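Peer 1: I'd like to ask you about the structure that follows.
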Amino acid sequence: MLELINELWFMKRDIVSDEFDRALNRLAKEVPMKIHAYPSGEQCWTWHIPEKWTCHEAYLETLKGKRLIDYADHPLHVVSYSLPFEGVVTRDELLKHLHVHPQLPEAIPFVFKYYERDWGLCAPQTLKDQLKDEAYRVVIRATFEPGNLKVGEVVIPGENQKTFMLVAHLCHPAMVNDDLTGVVVGCEVARRLLSGPKPYYTYRLLILPETIGSIAYLSHHENLIPDMVGGLFLEMLGNDSPHVLQASFQPNSQVDYCLKTAFRGLETQGYIGAYRTIVPNDERQFNSPGVRVPMLSISRVEKPSYPPVPYREYHSSLDTPAIVTQERLEASSRVVLGLLHAWERNQYVVNKFKGEIFCSGYGIWIDYRLNPQGSLRLFEIMERCDGEHTVADIANELDISFQAVWEVISQFLEKDLVWLSRTSHPTTPVRD
Amino acid sequence: MLELINELWFMKRDIVSDEFDRALNRLAKEVPMKIHAYPSGEQCWTWHIPEKWTCHEAYLETLKGKRLIDYADHPLHVVSYSLPFEGVVTRDELLKHLHVHPQLPEAIPFVFKYYERDWGLCAPQTLKDQLKDEAYRVVIRATFEPGNLKVGEVVIPGENQKTFMLVAHLCHPAMVNDDLTGVVVGCEVARRLLSGPKPYYTYRLLILPETIGSIAYLSHHENLIPDMVGGLFLEMLGNDSPHVLQASFQPNSQVDYCLKTAFRGLETQGYIGAYRTIVPNDERQFNSPGVRVPMLSISRVEKPSYPPVPYREYHSSLDTPAIVTQERLEASSRVVLGLLHAWERNQYVVNKFKGEIFCSGYGIWIDYRLNPQGSLRLFEIMERCDGEHTVADIANELDISFQAVWEVISQFLEKDLVWLSRTSHPTTPVRD
Amino acid sequence: MLELINELWFMKRDIVSDEFDRALNRLAKEVPMKIHAYPSGEQCWTWHIPEKWTCHEAYLETLKGKRLIDYADHPLHVVSYSLPFEGVVTRDELLKHLHVHPQLPEAIPFVFKYYERDWGLCAPQTLKDQLKDEAYRVVIRATFEPGNLKVGEVVIPGENQKTFMLVAHLCHPAMVNDDLTGVVVGCEVARRLLSGPKPYYTYRLLILPETIGSIAYLSHHENLIPDMVGGLFLEMLGNDSPHVLQASFQPNSQVDYCLKTAFRGLETQGYIGAYRTIVPNDERQFNSPGVRVPMLSISRVEKPSYPPVPYREYHSSLDTPAIVTQERLEASSRVVLGLLHAWERNQYVVNKFKGEIFCSGYGIWIDYRLNPQGSLRLFEIMERCDGEHTVADIANELDISFQAVWEVISQFLEKDLVWLSRTSHPTTPVRD
């Protein structure tokens with residue numbers, strides 16, 4: 001995955017741009033991908049597709065012609081979707097349009113003005129501090145023209161058309177952890193799902209520009225929305241922080257119960273946060289009114305001991321391949337696959353037995369004198385096998401991991417003591 | 001309002017009495033009022049209407065004829081509904097029938113014996129302490145006779161026959177904060193509602209003797225009870241204490257959610273208490289079994305740092321116009337009108353949009369970098385516009401004021417992004 | 001009850017054994033009892049009925065013939081369901097089969113190997129410490145043969161076939177508090193119910209070997225399970241500890257609400273614990289999937305300040321008549337009867353009144369100035385009489401005892417202000 005990152009990271013992947021398209025086309029060689037194109041100006045729900053933006057050349061010079069900033073050096077030197085501008089400006093005027101990073105004096109910040117437009121340049125604080133001349137020359141040769149917003153879609157067909165969505169965005173130019181790591185982990189997960197046995201659920205991985213990409217796709221696939229039973233957004237998966245799973249808007253959904261309890265079994269160092277408390281991304285569009293897909297998100301973020309950014313290099317020119325490792329990307333892929341593996345197995349557990357199971361007769365007895373916790377857990381799981389609890393419900397009620405419950409349930413399955421059902425199947429005698 | 005108080009406060013407004021009727025007739029000149037009459041002895045649910053009581057003359061004298069207490073000086077000198085009595089009594093016998101205030105040595109207490117009858121006089125503790133003679137002469141010339149309990153009703157017709165009840169009692173003789181302030185605020189609110197545009201809900205203001213008045217009215221208007229969707233009892237609105245809103249017996253009703261969240265937006269100094277924890281009044285009859293109208297109450301009461309009375313002068317001759325101000329009465333009227341204004345507007349918010357709204361396109365974007373709380377709140381409100389949440393539901397879930405939610409919703413309304421519905425109208429795609 | 005205990009306690013009441021049967025037959029003379037027999041080897045749900053086990057003779061001797069342990073002295077000297085064994089064994093080999101009590105050096109432990117079989121002897125730690133010889137002679141003359149597992153059933157017919165189950169086990173040889181006290185209290189309760197007026201519910205008392213007895217009975221009476229609306233397991237009722245009531249798997253069931261609130265009124269020293277937190281017994285089979293009877297249990301156990309055994313002499317030869325008293329057994333019988341008495345009376349309280357009751361007119365007024373708590377409670381109970389709350393619901397909501405609620409409700413009944421209904425009967429006006 002790191003190789004792919006090295007190849008793609010420095011590209012000018014602005015939301016509608018030629019280099020976004022090139023990056024997406026390159027990814028389409030890794031996994032079978034359908035690429036949707038939505039033309040500039042088209043109305044998508046309350047939004048519209050922006051024009052394609054291209055910056056041909058841009059720089060800041062002293063009046064004597066000494067070049068101080070050059071877009072050719074780094075894509076972040078120009079505000080994404082900056083208006084074109086050319087002329088001599090006073091130092092005061094320049095400073096109104098020159099953006100720096102609030103915490104990192106050496107870094108170029110990532111600034112975008114997709115809708116409230118203006119011209120703008122970005123530079124390190126250290127460079128800004130040296131601007132003492134009275135006037136400077138600015139050149140931004142940027143063009144806006146009709147283009148097509150592109151969304152890449154990888155479909156992993158399942159036995160059922162009920163669909164689990166995976167989403168990552170690709171539109172952050174010349175940065176890595178946010179957002180290329182989510183993209184490469186998503187592709188790796190899709191590749192692994194495609195190479196494995198046919199899953200029960202259908203999976204769709206979307207690679208798109210943030211927000212507007214989700215709006216464009218969803219508004220063109222309203223017929224698919226009722227089939228979307230859950231989802232997971234992927235981002236910031238290469239940096240040196242613990243995994244965090246952010247719940248959906250519906251924290252009591254089956255997807256939330258399942259992914260949260262499975263996450264506990266996969267990542268002992270990880271933690272879980274409520275909706276809108278960790279990092280906001282495309283899961284917002286999926287969780288929103290009229291769509292309401294319970295979509296969680298996974299990323300690597302320090303617990304909120306840090307300043308209000310998810311990691312130090314966030315939205316800056318320091319977000320380079322140097323802060324991610326192949327090992328962490330692989331670990332994240334394993335966690336995501338582990339979550340989906342749990343989701344595939346999450347079904348109602350229907351008892352074929354009545355009363356407690358004759359455990360010693362079935363070879364599954366745990367001596368309560370030697371292992372009281374293990375024995376208690378065995379019975380606490382057993383007594384919830386009633387056709388009204390899913391594996392995730394049991395784990396959630398007992399506040400243990402999905403995997404710990406599954407371990408017991410799989411023994412029961414092996415002994416033909418329970419069966420699994422996609423729908424609830426109550427076995428409690430009816431009392432009026 | 002204070003003028004009206006000055007005119008009416010010293011009247012002997014005992015529960016069924018000529019002066020109660022006169023006070024009610026005077027109020028009927030302020031607002032169009034229907035006056036219901038319920039004859040003495042009539043059975044009302046488990047109650048019956050008491051006789052009219054008149055005290056013609058009453059006094060306590062030394063045997064030498066020195067008058068110590070005279071009903072002509074103050075209506076509270078005689079227990080309301082005292083039996084008549086005339087004779088010489090020993091000091092010990094007298095003291096059994098002479099009531100004083102437990103905390104205020106200078107005050108005459110308000111004592112009533114509507115149902116467990118006895119004769120009785122009331123005096124300041126300071127006077128009682130001076131009674132050293134062996135015997136005294138008591139005269140209480142009171143009569144009980146058939147009369148009519150009166151209930152004043154002001155109707156503000158709405159577009160819908162669903163009715164919100166406002167209730168205040170008028171039966172506390174020669175006292176002001178409890179109960180005349182609730183009455184005059186109620187009349188002011190009714191006057192304002194009548195002079196404004198036709199409301200959606202019908203409003204009925206009742207002015208009545210406490211408890212038995214509510215029972216009499218309700219038992220004669222059982223057909224109206226199913227239309228009563230909520231209510232508010234008014235009392236103690238002139239004294240120098242913060243407003244308190246007491247919840248109904250159904251704290252999760254729409255009326256409770258709406259009035260409680262609106263109250264937070266209207267009264268930053270105010271506080272909210274559970275049912276039966278602040279002051280008990282007629283809202284009890286409306287909340288009771290077989291009626292079950294969620295009726296809150298509003299009054300001015302110090303937080304329970306005080307002795308177990310709602311304010312110092314409570315139920316005593318010190319409850320005079322001196323402890324209330326016009327300014328506070330007007331402030332209370334504004335708060336009540338503000339609560340009703342919220343109630344009128346409380347509807348289900350139905351999204352016309354799907355996904356998140358394109359906020360900058362609609363000019364309602366809040367920059368999360370400059371105002372993270374404002375931005376978060378905008379989205380938290382937006383994502384609950386799903387036809388299943390009322391404005392009050394959203395405010396209650398987010399633990400913010402009704403008005404803060406309304407401010408956002410009214411922007412959405414203006415932009416034609418949502419519509420309001422009196423009934424729930426879910427827009428979430430149906431998933432099985 | 002203590003006489004019966006003295007008569008039965010030392011018997012070798014192993015789960016399927018002649019002495020179990022003799023003990024049960026003796027109990028059948030105390031109360032009319034049907035005795036069910038389930039033959040060895042029969043499949044019962046996931047279990048099967050064990051063989052009858054008889055130990056004819058067993059001892060441990062030195063090679064010189066000095067008898068150190070003799071089954072004739074105490075039934076606990078041999079592991080229940082020990083395999084037969086005869087031979088000379090090394091000291092090391094012996095110690096693998098010689099069980100001692102982990103806390104009580106003077107006591108013989110109770111050890112059983114019903115399913116994972118082995119041969120074994122039991123002795124005090126003090127005796128074990130003296131075993132210095134290199135080899136010993138062991139004799140265990142035990143036989144396994146087809147027999148019948150016996151379950152005694154006492155039926156108290158009620159007006160309704162809905163059934164409340166009482167269960168106690170009898171299979172702990174030569175011990176008293178666990179389990180004979182539960183049996184004799186159960187018989188006493190059954191005797192008292194039979195001698196009283198016909199109850200509303202049918203009651204069934206089962207006396208059986210632990211776990212397998214419940215499984216055998218339930219699997220042979222599946223048709224009765226839907227009628228089982230609740231139950232109570234009885235055990236450890238003679239020792240010097242406070243009563244504890246263990247909730248069922250469904251802590252919000254009517255049975256749980258009723259028994260828990262009634263328990264608080266019967267036993268001020270007692271306490272309440274969650275399911276599976278006090279002592280596990282046959283209530284597990286009744287609460288389990290496919291049966292799901294909300295069965296609580298009552299016993300006497302110190303609050304968990306003690307080592308992890310319910311009482312000091314638990315499962316040892318020190319569990320003798322010396323640690324139980326007739327007085328405590330009678331007190332426990334009274335508590336159980338009190339719980340059932342509440343259960344019989346637990347119905348929906350339907351108001352005939354509307355509004356609050358005219359309390360002084362009915363002679364049930366409590367002066368709020370003299371007894372504010374009493375007055376408040378009266379009204380808090382009154383306002384929940386709405387045909388949707390049972391007596392237990394009211395007690396549970398107000399966090400007071402069943403009896404405190406019943407005291408008020410019985411006044412209302414006397415005054416014809418409410419009636420009781422076995423089904424909910426809402427009286428709230430319907431508002432849409």
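We label chains A, B, ... in the order they appear in the structure tokens, count residues from 1 in each chain, and number ligands from 1 in the order shown.
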Env of Asp133 (chain C): 9 Å cut, atoms = only C-alpha atoms, seq-sep filter 6 positions within chain, self excluded. Answer as number ranges by chain.
Peer 2: C: 62-63, 90-91
Peer 1: Next, the residues of the selection above should be written as a short mmCIF file (atom, residue, chain, number, x, y, z; two decimals), in the first residue's frame with C-alpha atoms.
Peer 2:
```
data_model
loop_
_atom_site.label_atom_id
_atom_site.label_comp_id
_atom_site.auth_asym_id
_atom_site.auth_seq_id
_atom_site.Cartn_x
_atom_site.Cartn_y
_atom_site.Cartn_z
CA THR C 62 -3.46 -48.56 56.69
CA LEU C 63 -1.81 -51.66 55.36
CA THR C 90 0.62 -45.37 47.04
CA ARG C 91 0.25 -42.30 49.20
#
```
Peer 1: Sort by chain and increasing residue number a table of all residues of chain C within 9 Å of chain A, each with its closest pair of atoms and their distance in Å to one decimal, counting only C-alpha atoms, and write it as a Markdown table.
Peer 2:
```
| residue | atom | partner | partner_atom | distance |
| --- | --- | --- | --- | --- |
| C:Trp45 | CA | A:Lys354 | CA | 6.5 |
| C:Thr46 | CA | A:Phe358 | CA | 5.6 |
| C:Trp47 | CA | A:Phe358 | CA | 5.3 |
| C:His48 | CA | A:Phe358 | CA | 8.6 |
| C:Tyr115 | CA | A:Ser360 | CA | 6.8 |
| C:Glu116 | CA | A:Ser360 | CA | 7.3 |
| C:Thr211 | CA | A:Glu356 | CA | 8.9 |
| C:Ser214 | CA | A:Gly355 | CA | 8.8 |
| C:Ile215 | CA | A:Gly355 | CA | 6.7 |
| C:Leu218 | CA | A:Gly355 | CA | 8.3 |
| C:Ser219 | CA | A:Lys354 | CA | 8.3 |
| C:Ile225 | CA | A:Pro429 | CA | 7.2 |
| C:Pro226 | CA | A:Pro429 | CA | 5.5 |
| C:Asp227 | CA | A:Arg431 | CA | 6.9 |
| C:Met228 | CA | A:Arg431 | CA | 8.3 |
| C:Val229 | CA | A:Arg431 | CA | 7.6 |
| C:Phe249 | CA | A:Glu383 | CA | 8.8 |
| C:Arg276 | CA | A:Leu376 | CA | 8.3 |
| C:Arg284 | CA | A:Glu356 | CA | 7.4 |
| C:Gln285 | CA | A:Gly355 | CA | 4.9 |
| C:Phe286 | CA | A:Gly355 | CA | 6.9 |
| C:Asn287 | CA | A:Gly355 | CA | 7.8 |
| C:Ser288 | CA | A:Gly355 | CA | 5.1 |
| C:Pro289 | CA | A:Asp386 | CA | 5.5 |
| C:Gly290 | CA | A:Lys354 | CA | 4.8 |
| C:Val291 | CA | A:Thr428 | CA | 6.4 |
| C:Arg292 | CA | A:Thr428 | CA | 6.3 |
```
Peer 1: Skipping near chain neighbours, those fewer than 2 positions away, what residues fall within 10 Å of Arg137 (chain A) using only C-alpha atoms, listed as a ChimeraX atom specification?
Peer 2: /A:59-67,86-91,94,135,139
Peer 1: Can you pull out every residue from region 78-251 of chain B that DSSP, working from the backbone, puts in alpha helix (DSSP H), and format the result as a PyMOL selection string?
Peer 2: chain B and resi 91-97+125-129+180-195+212-220
Peer 1: Restricting it to C-alpha atoms, dump the selection as a compact mmCIF listing (two decimals), in the first residue's frame.
Peer 2:
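selection.txt, freshly written:
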```txt
# COMPACT_ATOMS: atom_id res chain seq x y z
CA ARG B 91 -57.92 31.43 78.04
CA ASP B 92 -57.07 27.76 77.50
CA GLU B 93 -60.17 27.16 75.40
CA LEU B 94 -59.50 30.31 73.39
CA LEU B 95 -55.94 29.29 72.60
CA LYS B 96 -57.19 26.03 71.05
CA HIS B 97 -59.06 28.15 68.51
CA GLN B 125 -48.07 35.71 67.73
CA THR B 126 -47.22 39.02 69.44
CA LEU B 127 -50.88 39.56 70.31
CA LYS B 128 -51.33 35.98 71.48
CA ASP B 129 -48.37 36.39 73.81
CA LEU B 180 -54.10 37.43 42.80
CA THR B 181 -50.90 37.72 40.74
CA GLY B 182 -51.66 34.51 38.83
CA VAL B 183 -55.14 35.84 38.05
CA VAL B 184 -54.01 39.19 36.68
CA VAL B 185 -51.19 37.64 34.66
CA GLY B 186 -53.71 35.12 33.29
CA CYS B 187 -56.07 37.93 32.26
CA GLU B 188 -53.24 39.91 30.68
CA VAL B 189 -52.12 36.85 28.71
CA ALA B 190 -55.70 36.17 27.58
CA ARG B 191 -56.14 39.81 26.54
CA ARG B 192 -52.94 39.62 24.48
CA LEU B 193 -53.91 36.36 22.85
CA LEU B 194 -57.35 37.75 21.96
CA SER B 195 -55.83 40.85 20.39
CA ILE B 212 -63.12 22.50 44.13
CA GLY B 213 -63.37 25.02 41.32
CA SER B 214 -61.31 22.79 39.03
CA ILE B 215 -63.32 19.74 40.06
CA ALA B 216 -66.61 21.58 39.45
CA TYR B 217 -65.55 22.81 36.02
CA LEU B 218 -64.00 19.53 34.85
CA SER B 219 -66.89 17.37 36.04
CA HIS B 220 -69.29 19.65 34.10
```
Peer 1: Once DSSP has gone over the backbone, tell me which residues of region 270-417 of chain C are in strand (DSSP E), as a list in words.
Peer 2: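 DSSP on the backbone gives strand (DSSP E) at Tyr271, Ile272, Gly273, Met295, Leu296, Ser297, Ile298, Ser299, Arg300, Tyr348, Val349, Val350 and Asn351 of chain C.
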Peer 1: Take the residues from that selection and write them out as a compact mmCIF listing (two decimals), in the first residue's frame, keeping N, CA, C and O atoms.
Peer 2:
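Written out: again19.txt:
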```
# COMPACT_ATOMS: atom_id res chain seq x y z
N TYR C 271 -31.94 -8.05 51.82
CA TYR C 271 -31.47 -7.29 50.68
C TYR C 271 -31.79 -8.05 49.39
O TYR C 271 -32.26 -9.19 49.45
N ILE C 272 -31.57 -7.39 48.28
CA ILE C 272 -31.98 -7.93 46.99
C ILE C 272 -30.77 -7.97 46.07
O ILE C 272 -29.95 -7.06 46.07
N GLY C 273 -30.63 -9.05 45.30
CA GLY C 273 -29.50 -9.17 44.39
C GLY C 273 -29.97 -9.50 42.99
O GLY C 273 -31.07 -10.01 42.79
N MET C 295 -38.29 -16.80 37.56
CA MET C 295 -38.22 -17.43 38.89
C MET C 295 -37.14 -16.74 39.71
O MET C 295 -35.97 -16.71 39.33
N LEU C 296 -37.55 -16.21 40.85
CA LEU C 296 -36.61 -15.62 41.79
C LEU C 296 -36.13 -16.69 42.74
O LEU C 296 -36.57 -17.84 42.67
N SER C 297 -35.23 -16.34 43.66
CA SER C 297 -34.90 -17.31 44.71
C SER C 297 -34.71 -16.58 46.02
O SER C 297 -34.35 -15.40 46.04
N ILE C 298 -35.03 -17.29 47.09
CA ILE C 298 -34.85 -16.70 48.42
C ILE C 298 -33.95 -17.61 49.25
O ILE C 298 -34.06 -18.84 49.20
N SER C 299 -33.05 -17.00 49.98
CA SER C 299 -32.17 -17.75 50.86
C SER C 299 -31.65 -16.81 51.95
O SER C 299 -32.04 -15.65 51.99
N ARG C 300 -30.82 -17.33 52.82
CA ARG C 300 -30.18 -16.50 53.84
C ARG C 300 -28.69 -16.51 53.57
O ARG C 300 -28.04 -17.53 53.69
N TYR C 348 -54.11 -4.82 38.53
CA TYR C 348 -54.22 -3.44 38.06
C TYR C 348 -55.25 -2.71 38.92
O TYR C 348 -56.31 -3.26 39.24
N VAL C 349 -54.91 -1.50 39.32
CA VAL C 349 -55.82 -0.69 40.13
C VAL C 349 -56.55 0.26 39.19
O VAL C 349 -55.93 1.11 38.55
N VAL C 350 -57.86 0.09 39.11
CA VAL C 350 -58.66 0.90 38.17
C VAL C 350 -59.47 1.92 38.96
O VAL C 350 -60.22 1.57 39.87
N ASN C 351 -59.29 3.18 38.60
CA ASN C 351 -60.00 4.24 39.30
C ASN C 351 -61.46 4.32 38.88
O ASN C 351 -61.77 4.30 37.69
```
Peer 1: Find the spatial neighbours of Tyr275 (chain C), counting only C-alpha atoms, within a cut-off of 7 Å - ignore same-chain residues fewer than 3 positions away - and output them as an NGL selection string.
Peer 2: :C and (246-249)
Peer 1: Could you take the residues named above and write them with C-alpha atoms, as a PDB file, in the first residue's frame?
Peer 2:
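Below is the file that was written, again-v3.pdb:
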```
ATOM      1  CA  GLN C 246     -32.381 -12.945  44.035  1.00  0.00           C
ATOM      2  CA  ALA C 247     -34.159 -11.421  41.013  1.00  0.00           C
ATOM      3  CA  SER C 248     -35.084 -13.468  37.958  1.00  0.00           C
ATOM      4  CA  PHE C 249     -33.533 -13.203  34.478  1.00  0.00           C
TER       5      PHE C 249
END
```
Peer 1: Leaving out Leu205 (chain A) and any residue of its chain fewer than 3 positions from it, which residues lie within 8 Å of it when counting only C-alpha atoms, given as a list in words?
Peer 2: Gly152, Glu153, Val154, Val155, Met165, Leu166, Val167, Ala168, Gly186, Cys187 and Ala190 of chain A
Peer 1: Which is closest to Arg204 (chain C) among C:Lys113, C:Leu224, C:Val418, C:His101, if we use only C-alpha atoms?
Peer 2: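 Between C:Lys113, C:Leu224, C:Val418, C:His101, the residue approaching Arg204 (chain C) most closely is C:Leu224.
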